[in-house]
Structures are given as structure tokens and as C-alpha cells.
Amino acid sequence: MTLKEVQEKLGRLRAEISYHDYRYYVLDNPVISDAQYDSLMQELVKLEKQYPELITPDSPSMRVSGQPREGFTTLSHRLPMLSLANALSEGELLDFDRRVRTSLLNEKVEYVVELKVDGLAVSLWYEDGILERGATRGDGFTGEDITPNLKTIRSIPLRLQKSVPFLEVRGEAYMTKETFLKQNLDRAEAGESAFANPRNAAAGSLRQLDPAITASRKLNIFIYGLGDYKGIDFATHAQSLNFLKEAGFPVSKDFRLFNDIEEVMEHCRWWEKQRFNLPYTIDGLVVKVNSLVQQKRLGATLKSPRWAIAYKFPAEQSQTKIKDIIIKVGRTGVLTPTAVLEPVHLAGTTVTRATLHNEDMIKEKDIRIEDRVLVHKAGEIIPEVLEVLKTERRGTEEPFVMPAKCPVCQAKVIRLAGEAARRCTNLTCPARQREGLIHFVSRGAMDIAGLGQATIDNLLKIKLISDVADLYYLKFDDLVSLERMGPKSAQNLLAAIEKSKSNPLKRLVFALGIIHVGERASGILAERFGSMECLMKASFEELVTIPEIGPKIASSITAFFDLEQNRRLIAKLARSGVKMGEEPTEKEEEVKPLLNKTFVVTGTLKNFTRDQVQEIIHKLGGRVTSGVSKNIDYILVGEEPGSKYTKALTLGIPVLREDEFLNLIKI
């Protein structure tokens with residue numbers, strides 16, 4: 001292709017991917033499969049690697065890029081991002097309406113009412129329709145520049161569907177209830193402390209110095225209003241919201257326009273009961289004067305606008321008694337204490353259990369069996385003990401002590417340095433095996449449809465399976481013998497199991513349940529190593545050279561593959577036909593002359609820094625490790641090589657000087 005043809009193809013790919021991002025993340029109405037989308041993205045990335053000078057800031061490939069930063073810089077808001085005054089009762093809402101009408105000399109007033117999503121307020125700047133900067137609210141006048149992190153939120157458009165000379169929008173970044181629960185489950189399994197609620201999780205995720213961590217948290221956003229802008233004009237706030245939707249922003253469909261405050265209050269009462277049905281948390285509603293002219297006349301105090309107010313729902317808490325404290329054992333062996341409660345109605349449901357997170361929390365709050373406690377739902381999701389009502393103690397309450405042995409298999413329990421959790425040390429613990437199987441077949445992992453927890457329990461009960469590899473050796477007769485499993489269901493399940501064998505490597509890596517290795521890290525590892533065999537051979541030193549794979553993850557990976565039990569499991573999976581990597585095509589071998597070759601670099605190079613040569617080797621399909629062994633394909637030698645060079649000579653490893661390396665890669 002000519003350069004012009006490449007530019008045109010890149011433009012078409014970017015436009016098509018951006019369109020599908022909008023369909024998926026904003027409209028929630030995709031029109032292509034995940035595989036088709038991945039194919040488009042791979043084509044874009046491959047072409048951009050060949051022509052890096054043609055990469056643009058608004059390319060979909062730029063959503064997660066760059067290295068972790070040393071700290072945040074500040075960004076001054078062109079217009080202040082003021083906070084809202086609160087109305088904690090209907091009386092205070094009526095007072096707000098009275099003040100508005102009095103200030104406007106009893107003119108007719110319309111109100112727009114929006115959901116008050118519980119997240120982190122941010123500002124986005126667009127110049128000529130391209131996202132340029134993004135910041136937190138900060139003190140309202142100056143915020144933290146978190147542009148790379150905001151670009152990881154897939155519902156934020158990098159290029160607008162309407163071109164505007166300058167546009168600043170304000171929005172609320174949030175985490176859905178489902179994502180929040182999954183993040184906390186993953187953190188518990190990794191021995192990390194849980195997020196307190198979705199708002200804290202979203203705020204903490206956006207303030208990460210490494211954008212890749214933000215990307216792994218799967219945040220979303222609603223845009224709720226304008227800051228500064230040029231080249232457009234509106235008469236009302238409702239008109240501006242409709243414009244923002246047309247420009248490609250995610251705007252909540254639940255905003256409503258009302259003619260008087262009585263209608264507003266009725267709407268607030270309705271949402272106070274219905275809020276628990278939303279996929280995200282809200283802590284109230286925002287009431288705004290609709291007319292922008294009236295907003296300007298009403299003005300603002302030093303802290304908040306006079307034309308808007310937040311009606312806050314009352315916090316829902318209840319008292320109950322802790323009847324018992326039980327222990328659940330997760331797939332990584334983490335022991336999680338849970339309070340068994342006298343049933344209590346809370347946030348729309350009857351609650352009988354509450355998480356106690358770990359033993360440190362139990363000690364800190366001095367929680368005992370038979371205590372009367374105050375409970376709530378953290379972020380309207382997770383039942384949690386707020387505090388112990390110690391004045392109601394009668395002396396019969398029992399202190400709780402974490403067990404020294406696993407309650408399921410009686411193996412020794414340990415607490416590793418730096419972790420809040422205790423773990424069962426038995427890799428074959430039945431509880432760990434069950435949770436590991438549930439994780440293995442889940443949607444983000446091997447995605448075996450029809451294999452739910454009840455079926456897994458039945459298979460374990462009659463000893464048809466004992467590990468994840470056994471799933472691939474199940475027969476039709478095995479399945480039809482299960483309760484509530486007819487011939488058609490058995491055939492469908494076998495087909496789903498067979499289909500999962502061809503999953504990409506990243507799914508298999510994630511499915512193995514390696515501690516600290518989530519979906520994002522699994523994808524990075526699969527792309528870097530290309531096969532399970534190469535990943536299993538990777539040393540700690542090699543792993544920590546990979547961006548986003550730190551010492552903690554590297555240690556966990558090497559520890560996992562050092563265990564003979566895990567190596568046997570992977571061999572068993574391979575024998576069943578589960579794909580262990582991608583077979584390189586002839587075209588790929590031409591494009592990547594170092595495919596699956598392992599290098600050691602020693603000495604000072606003339607043409608490259610150490611980081612540069614590692615990146616070149618990686619892009620051309622090779623790997624770089626620091627340890628010299630018989631598994632090394634080449635040792636690249638610069639000036640004043642060290643002991644690695646001597647060791648390589650004794651092992652007969654081929655030596656490349658810098659000019660020979662350049663000839664090999666044809667630079």
C-alpha cells in the first residue's frame with residue numbers, strides 16, 4: 001500500500017472501532033461479536049506498529065498506553081467545578097424552590113432532575129472534537145490531570161461525533177455494582193483489602209499512577225453538564241444534555257423535566273424506592289433550574305451554584321444480632337469470615353449475612369458472636385457491620401478467633417507477610433478445588449456455558465471430576481446420569497466444553513487462577529510469550545521487565561509454575577486438546593524474525609539503550625531474560641560484557657555482536 005492508502009485504511013479502522021465502542025459502551029447495543037471487534041483492533045494495532053508515525057491521539061489503540069507516571073500534575077479549571085448544596089429533607093427542597101422563585105421574582109421555573117450517581121466528578125476538555133485533557137474536581141478551581149486514566153474508560157469518546165471548537169464537559173465516573181463485587185472478590189482472593197464502596201473504588205482507580213490499573217477496574221461514566229464551550233449555544237440545560245448525547249457522550253436516560261417542585265418531590269419519592277434496581281449506586285437526585293439564562297441570574301456562592309441542589313436519600317441502617325461467624329475458603333485458599341445475622345430488611349432485601357472481610361476488621365471493631373450490631377449495605381450492595389452496640393452487651397458475647405486449621409480440610413492455615421488474609425496451605429483442599437472450578441468455567445475465563453455451580457457440585461459429589469482438566473474428559477453417559485441433566489442438556493454442555501478448547505491463550509492463563517494475575521495481566525502475558533510453554537519457562541527477572549508486571553505478580557507466576565502439581569495439570573489440559581498458544585503463520589514468521597527466540601543482553605551497546613533493545617526484540621517476537629541457561633537462543637554482547645558472556649561460552653550459546661544483531665533483524 002502507498003502511504004496515502006495506509007492513512008485511509010487507518011482512518012476507516014479507527015472510525016469503525018469508535019462506532020462499535022459507542023454502540024457497546026454508550027448505547028449498550030452492539031452489532032458485532034467480541035471476536036469481530038478484537039479482529040478489527042488487532043488489524044489497527046498491527047498497522048500502527050508498521051507505521052508508528054501515523055498514530056494519532058484519538059486512535060482507539062491509545063486508550064491504554066505509556067508507562068506509569070511519577071506523580072500527577074495540576075490542571076486549572078476554566079470555570080469553577082463547584083460542589084452542590086444538599087437537601088436532606090423535602091422541607092429543605094421546598095426552601096430551595098422558594099429561594100429560586102424569590103430571586104427570579106416569581107417567574108415560571110422548570111426543573112431538570114437527574115440521578116446523583118455515586119462516583120468521582122471529572123472534567124473533560126475537547127479541542128476541535130478531540131479529547132485533549134481530563135482532570136478531577138480537586139478544590140473546584142484546580143484538579144489533578146488524569147488524562148491517561150480517563151482515556152481507559154471506553155464510554156468516553158476520544159473524538160466527538162459533532163465538531164466543536166472547544167468543549168468542556170463534566171461527568172461522574174463510577175463503578176457498576178457487578179464490577180464492584182467482582183473487584184472485591186478478586187482482591188479478597190489475592191489477600192488484599194476490599195474496597196469500601198463503589199465510589200471509593202472509582203475514585204481510587206482514577207487516581208492510580210499506572211493507567212493500566214485504571215483500565216483493569218472497568219469504570220464507566222455519565223456526562224451531566226457543560227463547563228466552558230465555544231461555537232455552540234443553548235437556551236436550556238435539557239437542550240445541552242440532548243446535544244451531548246448526539247455528540248457521542250454517555251448521558252443518563254433517566255433525566256426528567258418538571259414544571260413545579262411538587263412534581264419533583266414525587267419523583268424523588270419514587271426513586272428512593274426504585275434506586276436499588278439500578279446497576280450502579282445513587283445516593284440521591286440532582287435538581288437543576290432548566291433555563292440557562294435563569295441559572296446565570298441566580299449565580300453562585302463561593303462553594304455552590306444557587307440554581308441546583310442535591311436531594312440526598314437518608315442512609316439506611318438497621319440493628320440486628322450476630323448469631324454466628326462462619327468461614328468461607330476461596331480458590332486461592334483465603335479464609336473469609338462472614339457474620340450470620342438475625343434476618344433484617346435492608347436496602348430492598350432481607351439480609352442474613354454480612355462480610356467481616358478479615359481478622360483485622362474483627363479485632364478493630366471488637367466484633368463478637370451474640371453482639372447487637374448496626375448494619376448497612378456498603379454502596380447499597382454488600383451487607384456490612386458498621387459498628388458494635390457495646391452498650392447492649394450482656395456478658396454472654398463470645399470473642400471470635402480465626403482458626404489455625406482450614407475448616408474444610410483441616411490443613412495448616414498461614415498468614416503471609418504484608419497480607420490481611422489467612423490462607424489454607426492445602427492445594428487439594430475441596431473448597432479451593434470447587435472455587436477454582438467455578439472460576440475456570442466463568443465468562444471471563446474459559447466461558448463454558450451451562451456449567452453452573454450446581455452441576456459442578458454434582459460432578460464433585462460423585463467424583464467425576466477432581467480438577468479443571470477432568471472437565472475435558474467427561475462423556476455423554478457421565479452427564480446424563482446427573483440430576484436434572486437430560487440428553488439435550490448433556491449434548492449442549494459437551495459442545496460448550498469442546499468449544500472452549502479453542503479459546504485464546506489469555507483466557508486459559510486467566511482461568512488457571514494464578515494469584516494477582518487478572519484478565520489484563522493475562523492478556524499481557526499471552527501476547528508477550530505466545531505459548532504456555534514459553535510462559536512456564538519465564539524467569540522472575542524476565543517477567544519484571546514487562547511493563548505492568550511488577551515483582552508481586554512475577555513472584556506469583558513463578559511460584560505457580562514451580563509446583564509440579566500445576567505443571568501436571570497443564571500437561572493434562574494439553575493432552576485433552578486445550579489450545580496452549582497460537583501457531584505462528586508463515587506471514588508472522590516473516591514479520592517477526594525473532595519469533596519465540598530468547599535473548600540475554602550483556603555489556604554496553606552503541607546503538608541502543610537496554611530498554612530500547614528489549615523493546616525491539618519483543619516487537620519482533622522474541623523474549624529477553626537476565627538468566628543464562630541452555631534454553632537461551634542468543635546472547636547479545638556489547639562492550640565490557642560480564643560473567644554472563646563467560647557462562648554463555650561454556651554452554652555453547654550463539655554469540656551476537658551488535659552488527660550481527662542488526663543484520664539478523666534487518667535494520
# chains A, B, ... in the order shown; residues from 1 in each chain; ligands from 1
$ select_by_dssp --residues "segment 189-383 of chain A" --states "strand (DSSP E or B)" --output "PDB file with C-alpha atoms, in the first residue's frame"
ATOM      1  CA  ASN A 220     -17.881   3.891  33.331  1.00  0.00           C
ATOM      2  CA  ILE A 221     -19.102   7.482  33.220  1.00  0.00           C
ATOM      3  CA  PHE A 222     -22.205   9.649  32.851  1.00  0.00           C
ATOM      4  CA  ILE A 223     -21.804  13.171  31.488  1.00  0.00           C
ATOM      5  CA  TYR A 224     -24.157  15.540  33.302  1.00  0.00           C
ATOM      6  CA  GLY A 225     -23.325  19.037  32.107  1.00  0.00           C
ATOM      7  CA  LEU A 226     -21.199  21.662  30.440  1.00  0.00           C
ATOM      8  CA  GLY A 227     -18.255  23.695  31.634  1.00  0.00           C
ATOM      9  CA  ASP A 228     -16.801  26.208  29.200  1.00  0.00           C
ATOM     10  CA  TYR A 229     -17.549  25.973  25.466  1.00  0.00           C
ATOM     11  CA  LYS A 230     -17.290  27.836  22.139  1.00  0.00           C
ATOM     12  CA  THR A 236     -31.829  25.232  28.454  1.00  0.00           C
ATOM     13  CA  ARG A 256     -36.715  14.325  33.609  1.00  0.00           C
ATOM     14  CA  LEU A 257     -38.202  17.814  33.157  1.00  0.00           C
ATOM     15  CA  PHE A 258     -40.804  19.107  35.660  1.00  0.00           C
ATOM     16  CA  ILE A 282     -27.046   6.582  43.501  1.00  0.00           C
ATOM     17  CA  ASP A 283     -27.221   8.495  46.773  1.00  0.00           C
ATOM     18  CA  GLY A 284     -29.871  10.977  45.705  1.00  0.00           C
ATOM     19  CA  LEU A 285     -31.134  13.178  42.884  1.00  0.00           C
ATOM     20  CA  VAL A 286     -29.851  16.479  41.494  1.00  0.00           C
ATOM     21  CA  VAL A 287     -32.401  19.247  40.874  1.00  0.00           C
ATOM     22  CA  LYS A 288     -31.378  21.998  38.424  1.00  0.00           C
ATOM     23  CA  VAL A 289     -33.107  25.090  37.061  1.00  0.00           C
ATOM     24  CA  SER A 291     -33.214  27.818  31.860  1.00  0.00           C
ATOM     25  CA  ALA A 300     -23.430  31.020  42.820  1.00  0.00           C
ATOM     26  CA  PRO A 305     -24.472  27.234  42.487  1.00  0.00           C
ATOM     27  CA  ALA A 308     -29.010  23.497  41.695  1.00  0.00           C
ATOM     28  CA  ILE A 309     -29.271  21.292  44.767  1.00  0.00           C
ATOM     29  CA  ALA A 310     -28.650  17.636  45.643  1.00  0.00           C
ATOM     30  CA  TYR A 311     -31.550  15.864  47.318  1.00  0.00           C
ATOM     31  CA  LYS A 312     -29.863  13.157  49.409  1.00  0.00           C
ATOM     32  CA  SER A 318     -30.675  -1.372  60.802  1.00  0.00           C
ATOM     33  CA  GLN A 319     -29.919  -3.143  64.061  1.00  0.00           C
ATOM     34  CA  THR A 320     -29.655  -6.901  64.338  1.00  0.00           C
ATOM     35  CA  LYS A 321     -27.735  -9.633  66.169  1.00  0.00           C
ATOM     36  CA  ILE A 322     -24.726 -11.704  65.079  1.00  0.00           C
ATOM     37  CA  LYS A 323     -25.814 -15.316  65.589  1.00  0.00           C
ATOM     38  CA  ASP A 324     -22.546 -16.866  64.410  1.00  0.00           C
ATOM     39  CA  ILE A 325     -19.344 -16.218  62.444  1.00  0.00           C
ATOM     40  CA  ILE A 326     -18.528 -18.739  59.720  1.00  0.00           C
ATOM     41  CA  ILE A 327     -15.518 -19.141  57.409  1.00  0.00           C
ATOM     42  CA  LYS A 328     -15.578 -19.459  53.607  1.00  0.00           C
ATOM     43  CA  VAL A 329     -12.489 -20.815  51.806  1.00  0.00           C
ATOM     44  CA  VAL A 334      -8.146 -17.283  51.524  1.00  0.00           C
ATOM     45  CA  LEU A 335     -10.290 -17.698  54.638  1.00  0.00           C
ATOM     46  CA  THR A 336     -13.042 -15.047  54.709  1.00  0.00           C
ATOM     47  CA  PRO A 337     -15.106 -14.580  57.905  1.00  0.00           C
ATOM     48  CA  THR A 338     -18.829 -13.910  57.456  1.00  0.00           C
ATOM     49  CA  ALA A 339     -21.372 -12.887  60.109  1.00  0.00           C
ATOM     50  CA  VAL A 340     -24.599 -14.893  60.247  1.00  0.00           C
ATOM     51  CA  LEU A 341     -27.301 -12.376  61.216  1.00  0.00           C
ATOM     52  CA  GLU A 342     -30.818 -12.450  62.528  1.00  0.00           C
ATOM     53  CA  PRO A 343     -32.798 -11.570  59.374  1.00  0.00           C
ATOM     54  CA  VAL A 344     -33.149  -7.818  58.828  1.00  0.00           C
ATOM     55  CA  HIS A 345     -34.691  -5.780  55.970  1.00  0.00           C
ATOM     56  CA  LEU A 346     -32.126  -3.511  54.356  1.00  0.00           C
ATOM     57  CA  THR A 349     -33.791  -7.052  50.531  1.00  0.00           C
ATOM     58  CA  THR A 350     -33.772  -9.323  53.574  1.00  0.00           C
ATOM     59  CA  VAL A 351     -30.204  -9.665  54.825  1.00  0.00           C
ATOM     60  CA  THR A 352     -28.994 -12.728  56.746  1.00  0.00           C
ATOM     61  CA  ARG A 353     -25.223 -12.452  56.227  1.00  0.00           C
ATOM     62  CA  ALA A 354     -22.616  -9.678  56.326  1.00  0.00           C
ATOM     63  CA  THR A 355     -18.984  -9.743  55.291  1.00  0.00           C
ATOM     64  CA  ARG A 368     -18.227 -10.901  68.951  1.00  0.00           C
ATOM     65  CA  ILE A 369     -20.795 -13.650  68.464  1.00  0.00           C
ATOM     66  CA  ARG A 372     -26.033  -6.420  68.733  1.00  0.00           C
ATOM     67  CA  VAL A 373     -24.730  -4.514  65.727  1.00  0.00           C
ATOM     68  CA  LEU A 374     -25.619  -1.730  63.320  1.00  0.00           C
ATOM     69  CA  VAL A 375     -25.534  -2.904  59.687  1.00  0.00           C
ATOM     70  CA  HIS A 376     -25.853  -1.241  56.296  1.00  0.00           C
ATOM     71  CA  LYS A 377     -25.140  -2.080  52.663  1.00  0.00           C
ATOM     72  CA  ALA A 378     -21.834  -0.650  51.525  1.00  0.00           C
ATOM     73  CA  ILE A 382     -22.566  -5.586  50.293  1.00  0.00           C
ATOM     74  CA  PRO A 383     -24.111  -6.046  53.750  1.00  0.00           C
TER      75      PRO A 383
END
$ residues_around --residues "Ala421 of chain A" --least-positions-apart "2" --cutoff "9 Å" --atoms "only C-alpha atoms" --output "MDAnalysis selection string"
chainID A and resid 188:193 334:336 357:360 414:416 419 423
$ write_last_selection --atoms "C-alpha atoms" --output "PDB file, in the first residue's frame"
ATOM      1  CA  ALA A 188     -10.070 -10.982  48.707  1.00  0.00           C
ATOM      2  CA  GLU A 189      -8.652 -13.972  46.824  1.00  0.00           C
ATOM      3  CA  ALA A 190      -5.369 -12.085  46.445  1.00  0.00           C
ATOM      4  CA  GLY A 191      -5.239 -11.302  50.168  1.00  0.00           C
ATOM      5  CA  GLU A 192      -5.796  -7.578  49.562  1.00  0.00           C
ATOM      6  CA  SER A 193      -8.154  -5.296  51.474  1.00  0.00           C
ATOM      7  CA  VAL A 334      -8.146 -17.283  51.524  1.00  0.00           C
ATOM      8  CA  LEU A 335     -10.290 -17.698  54.638  1.00  0.00           C
ATOM      9  CA  THR A 336     -13.042 -15.047  54.709  1.00  0.00           C
ATOM     10  CA  HIS A 357     -13.514  -9.038  55.433  1.00  0.00           C
ATOM     11  CA  ASN A 358     -10.658 -10.321  57.634  1.00  0.00           C
ATOM     12  CA  GLU A 359      -9.496 -10.820  61.201  1.00  0.00           C
ATOM     13  CA  ASP A 360      -8.047  -7.292  61.434  1.00  0.00           C
ATOM     14  CA  ILE A 414      -0.888 -19.306  57.422  1.00  0.00           C
ATOM     15  CA  ARG A 415      -0.838 -15.522  57.132  1.00  0.00           C
ATOM     16  CA  LEU A 416       1.766 -14.229  54.699  1.00  0.00           C
ATOM     17  CA  GLU A 419      -1.370  -9.674  53.631  1.00  0.00           C
ATOM     18  CA  ARG A 423      -4.796 -18.961  53.685  1.00  0.00           C
TER      19      ARG A 423
END
$ residues_around --residues "Thr281 of chain A" --least-positions-apart "2" --cutoff "12 Å" --atoms "only C-alpha atoms" --output "PyMOL selection string"
chain A and resi 115-119+172-180+197-200+202+271-272+274-279+283-285+313+347+377-382
$ select_by_dssp --residues "segment 34-112 of chain A" --states "helix (DSSP H, G or I)" --output "NGL selection string"
:A and (34-50 or 52-54 or 60-62 or 90-103)
$ write_last_selection --atoms "N, CA and C atoms" --output "mmCIF file, in the first residue's frame"
data_model
loop_
_atom_site.group_PDB
_atom_site.id
_atom_site.type_symbol
_atom_site.label_atom_id
_atom_site.label_comp_id
_atom_site.auth_asym_id
_atom_site.auth_seq_id
_atom_site.Cartn_x
_atom_site.Cartn_y
_atom_site.Cartn_z
ATOM 1 N N ASP A 34 -17.691 -10.050 19.888
ATOM 2 C CA ASP A 34 -16.417 -9.687 20.515
ATOM 3 C C ASP A 34 -15.246 -10.106 19.631
ATOM 4 N N ALA A 35 -15.374 -11.269 18.998
ATOM 5 C CA ALA A 35 -14.288 -11.762 18.142
ATOM 6 C C ALA A 35 -14.077 -10.839 16.946
ATOM 7 N N GLN A 36 -15.183 -10.365 16.352
ATOM 8 C CA GLN A 36 -15.065 -9.442 15.215
ATOM 9 C C GLN A 36 -14.425 -8.124 15.650
ATOM 10 N N TYR A 37 -14.822 -7.653 16.841
ATOM 11 C CA TYR A 37 -14.245 -6.408 17.363
ATOM 12 C C TYR A 37 -12.738 -6.588 17.606
ATOM 13 N N ASP A 38 -12.374 -7.706 18.241
ATOM 14 C CA ASP A 38 -10.952 -7.976 18.507
ATOM 15 C C ASP A 38 -10.152 -8.024 17.206
ATOM 16 N N SER A 39 -10.754 -8.581 16.162
ATOM 17 C CA SER A 39 -10.071 -8.671 14.875
ATOM 18 C C SER A 39 -9.797 -7.283 14.299
ATOM 19 N N LEU A 40 -10.771 -6.390 14.417
ATOM 20 C CA LEU A 40 -10.584 -5.016 13.941
ATOM 21 C C LEU A 40 -9.471 -4.316 14.720
ATOM 22 N N MET A 41 -9.493 -4.491 16.056
ATOM 23 C CA MET A 41 -8.484 -3.845 16.889
ATOM 24 C C MET A 41 -7.090 -4.391 16.588
ATOM 25 N N GLN A 42 -6.990 -5.697 16.401
ATOM 26 C CA GLN A 42 -5.688 -6.299 16.081
ATOM 27 C C GLN A 42 -5.145 -5.777 14.752
ATOM 28 N N GLU A 43 -6.056 -5.619 13.780
ATOM 29 C CA GLU A 43 -5.644 -5.090 12.477
ATOM 30 C C GLU A 43 -5.130 -3.661 12.621
ATOM 31 N N LEU A 44 -5.812 -2.857 13.430
ATOM 32 C CA LEU A 44 -5.388 -1.474 13.660
ATOM 33 C C LEU A 44 -4.023 -1.423 14.331
ATOM 34 N N VAL A 45 -3.861 -2.178 15.411
ATOM 35 C CA VAL A 45 -2.607 -2.166 16.168
ATOM 36 C C VAL A 45 -1.449 -2.635 15.293
ATOM 37 N N LYS A 46 -1.687 -3.686 14.512
ATOM 38 C CA LYS A 46 -0.632 -4.221 13.653
ATOM 39 C C LYS A 46 -0.182 -3.179 12.632
ATOM 40 N N LEU A 47 -1.156 -2.463 12.037
ATOM 41 C CA LEU A 47 -0.835 -1.445 11.038
ATOM 42 C C LEU A 47 -0.121 -0.258 11.683
ATOM 43 N N GLU A 48 -0.540 0.110 12.893
ATOM 44 C CA GLU A 48 0.108 1.231 13.587
ATOM 45 C C GLU A 48 1.536 0.876 14.004
ATOM 46 N N LYS A 49 1.786 -0.390 14.305
ATOM 47 C CA LYS A 49 3.155 -0.803 14.628
ATOM 48 C C LYS A 49 4.059 -0.689 13.410
ATOM 49 N N GLN A 50 3.495 -0.964 12.231
ATOM 50 C CA GLN A 50 4.274 -0.851 10.998
ATOM 51 C C GLN A 50 4.520 0.609 10.619
ATOM 52 N N PRO A 52 4.346 3.684 12.877
ATOM 53 C CA PRO A 52 4.147 4.404 14.149
ATOM 54 C C PRO A 52 4.020 5.917 13.977
ATOM 55 N N GLU A 53 4.572 6.452 12.879
ATOM 56 C CA GLU A 53 4.483 7.902 12.658
ATOM 57 C C GLU A 53 3.052 8.339 12.334
ATOM 58 N N LEU A 54 2.157 7.383 12.035
ATOM 59 C CA LEU A 54 0.771 7.714 11.685
ATOM 60 C C LEU A 54 -0.196 7.542 12.855
ATOM 61 N N PRO A 60 -8.240 4.504 18.836
ATOM 62 C CA PRO A 60 -8.703 3.588 19.892
ATOM 63 C C PRO A 60 -7.580 2.803 20.551
ATOM 64 N N SER A 61 -6.456 2.632 19.851
ATOM 65 C CA SER A 61 -5.325 1.895 20.421
ATOM 66 C C SER A 61 -4.643 2.666 21.543
ATOM 67 N N MET A 62 -4.941 3.951 21.678
ATOM 68 C CA MET A 62 -4.269 4.791 22.668
ATOM 69 C C MET A 62 -4.991 4.829 23.998
ATOM 70 N N GLU A 90 -37.583 16.890 52.423
ATOM 71 C CA GLU A 90 -38.461 17.571 51.477
ATOM 72 C C GLU A 90 -38.639 19.031 51.868
ATOM 73 N N GLY A 91 -38.582 19.319 53.167
ATOM 74 C CA GLY A 91 -38.685 20.700 53.624
ATOM 75 C C GLY A 91 -37.543 21.548 53.071
ATOM 76 N N GLU A 92 -36.338 20.996 53.061
ATOM 77 C CA GLU A 92 -35.190 21.739 52.529
ATOM 78 C C GLU A 92 -35.286 21.883 51.010
ATOM 79 N N LEU A 93 -35.940 20.929 50.357
ATOM 80 C CA LEU A 93 -36.169 21.042 48.915
ATOM 81 C C LEU A 93 -37.173 22.162 48.627
ATOM 82 N N LEU A 94 -38.192 22.272 49.449
ATOM 83 C CA LEU A 94 -39.161 23.360 49.315
ATOM 84 C C LEU A 94 -38.497 24.712 49.563
ATOM 85 N N ASP A 95 -37.587 24.767 50.536
ATOM 86 C CA ASP A 95 -36.854 26.011 50.809
ATOM 87 C C ASP A 95 -36.027 26.426 49.597
ATOM 88 N N PHE A 96 -35.398 25.445 48.936
ATOM 89 C CA PHE A 96 -34.621 25.728 47.725
ATOM 90 C C PHE A 96 -35.517 26.341 46.652
ATOM 91 N N ASP A 97 -36.676 25.745 46.433
ATOM 92 C CA ASP A 97 -37.611 26.258 45.434
ATOM 93 C C ASP A 97 -38.058 27.680 45.778
ATOM 94 N N ARG A 98 -38.322 27.925 47.051
ATOM 95 C CA ARG A 98 -38.746 29.272 47.476
ATOM 96 C C ARG A 98 -37.653 30.294 47.188
ATOM 97 N N ARG A 99 -36.390 29.936 47.478
ATOM 98 C CA ARG A 99 -35.286 30.872 47.234
ATOM 99 C C ARG A 99 -35.136 31.165 45.739
ATOM 100 N N VAL A 100 -35.286 30.111 44.913
ATOM 101 C CA VAL A 100 -35.167 30.287 43.464
ATOM 102 C C VAL A 100 -36.254 31.230 42.946
ATOM 103 N N ARG A 101 -37.492 30.955 43.324
ATOM 104 C CA ARG A 101 -38.599 31.764 42.803
ATOM 105 C C ARG A 101 -38.546 33.194 43.311
ATOM 106 N N THR A 102 -38.116 33.374 44.551
ATOM 107 C CA THR A 102 -37.990 34.727 45.098
ATOM 108 C C THR A 102 -36.928 35.520 44.339
ATOM 109 N N SER A 103 -35.777 34.872 44.084
ATOM 110 C CA SER A 103 -34.694 35.550 43.368
ATOM 111 C C SER A 103 -35.082 35.884 41.936
#
$ residues_around --residues "Met532 of chain A" --least-positions-apart "3" --cutoff "9 Å" --atoms "only C-alpha atoms" --output "list of chain:residue names"
A:Leu505, A:Leu508, A:Val509, A:Ala526, A:Phe529, A:Leu535, A:Met536, A:Lys537, A:Ile570, A:Met580, A:Gly581
$ atom_distance --atom1 "atom CA of Gly436 of chain A" --atom2 "atom CA of Met402 of chain A"
22.8 Å
$ residues_around --residues "Lys606 of chain A" --least-positions-apart "4" --cutoff "9 Å" --atoms "only C-alpha atoms" --output "ChimeraX atom specification"
/A:638-639,658
$ write_last_selection --atoms "C-alpha atoms" --output "compact mmCIF listing (two decimals), in the first residue's frame"
# COMPACT_ATOMS: atom_id res chain seq x y z
CA GLY A 638 28.21 -5.15 23.84
CA GLU A 639 31.38 -3.56 25.22
CA GLU A 658 25.78 -5.62 17.71
$ residues_around --residues "segment 458-475 of chain A" --least-positions-apart "5" --cutoff "9 Å" --atoms "only C-alpha atoms" --output "CSV table (one decimal) with C-alpha atoms, in the first residue's frame"
chain,number,residue,atom,x,y,z
A,428,THR,CA,-6.0,-30.0,47.0
A,430,PRO,CA,-12.0,-29.5,48.3
A,433,GLN,CA,-10.9,-27.0,44.1
A,434,ARG,CA,-14.6,-26.1,43.9
A,436,GLY,CA,-11.2,-22.9,41.3
A,437,LEU,CA,-13.6,-24.9,39.0
A,440,PHE,CA,-12.2,-21.7,35.4
A,441,VAL,CA,-15.6,-22.0,33.7
A,453,GLN,CA,-22.3,-24.2,40.4
A,482,LEU,CA,-26.7,-36.2,36.8
A,483,GLU,CA,-29.8,-34.8,38.4
A,490,ALA,CA,-25.7,-33.1,28.2
A,494,LEU,CA,-20.2,-31.3,25.9
A,497,ILE,CA,-16.6,-27.8,26.7
A,498,GLU,CA,-15.3,-28.7,23.3
A,501,LYS,CA,-10.6,-25.8,23.9
A,512,LEU,CA,-5.7,-21.0,35.9
A,569,LEU,CA,-2.4,-30.1,35.4
A,570,ILE,CA,-1.3,-28.1,32.4
A,572,LYS,CA,-3.3,-32.9,31.3
A,573,LEU,CA,-5.1,-30.0,29.7
A,574,ALA,CA,-2.8,-30.1,26.7
A,576,SER,CA,-7.2,-33.2,26.2
A,577,GLY,CA,-6.8,-30.8,23.3
A,578,VAL,CA,-7.0,-27.4,25.0
$ residues_around --residues "Ile448 of chain A" --least-positions-apart "4" --cutoff "8 Å" --atoms "only C-alpha atoms" --output "PyMOL selection string"
chain A and resi 441-443+493+496-497+500
$ atom_distance --atom1 "atom CA of Arg567 of chain A" --atom2 "atom CA of Leu594 of chain A"
26.6 Å
$ decode --residues "segment 430-457 of chain A" --atoms "C-alpha atoms" --output "compact mmCIF listing (two decimals), in the first residue's frame"
# COMPACT_ATOMS: atom_id res chain seq x y z
CA PRO A 430 -12.02 -29.46 48.35
CA ALA A 431 -13.18 -25.87 48.90
CA ARG A 432 -10.27 -24.49 46.86
CA GLN A 433 -10.93 -27.01 44.11
CA ARG A 434 -14.63 -26.10 43.94
CA GLU A 435 -13.99 -22.34 43.79
CA GLY A 436 -11.21 -22.92 41.27
CA LEU A 437 -13.59 -24.86 39.02
CA ILE A 438 -16.22 -22.12 39.25
CA HIS A 439 -13.61 -19.55 38.27
CA PHE A 440 -12.22 -21.71 35.44
CA VAL A 441 -15.58 -22.01 33.65
CA SER A 442 -16.65 -18.39 34.23
CA ARG A 443 -17.33 -15.94 31.40
CA GLY A 444 -14.03 -14.05 31.61
CA ALA A 445 -12.09 -17.33 31.75
CA MET A 446 -12.88 -20.44 29.63
CA ASP A 447 -16.56 -19.41 29.35
CA ILE A 448 -18.20 -22.86 29.41
CA ALA A 449 -21.92 -22.14 29.07
CA GLY A 450 -24.26 -24.41 31.03
CA LEU A 451 -21.70 -25.44 33.63
CA GLY A 452 -23.09 -23.74 36.73
CA GLN A 453 -22.27 -24.19 40.39
CA ALA A 454 -24.97 -26.82 40.93
CA THR A 455 -23.61 -29.00 38.11
CA ILE A 456 -20.04 -28.60 39.40
CA ASP A 457 -21.20 -29.64 42.88
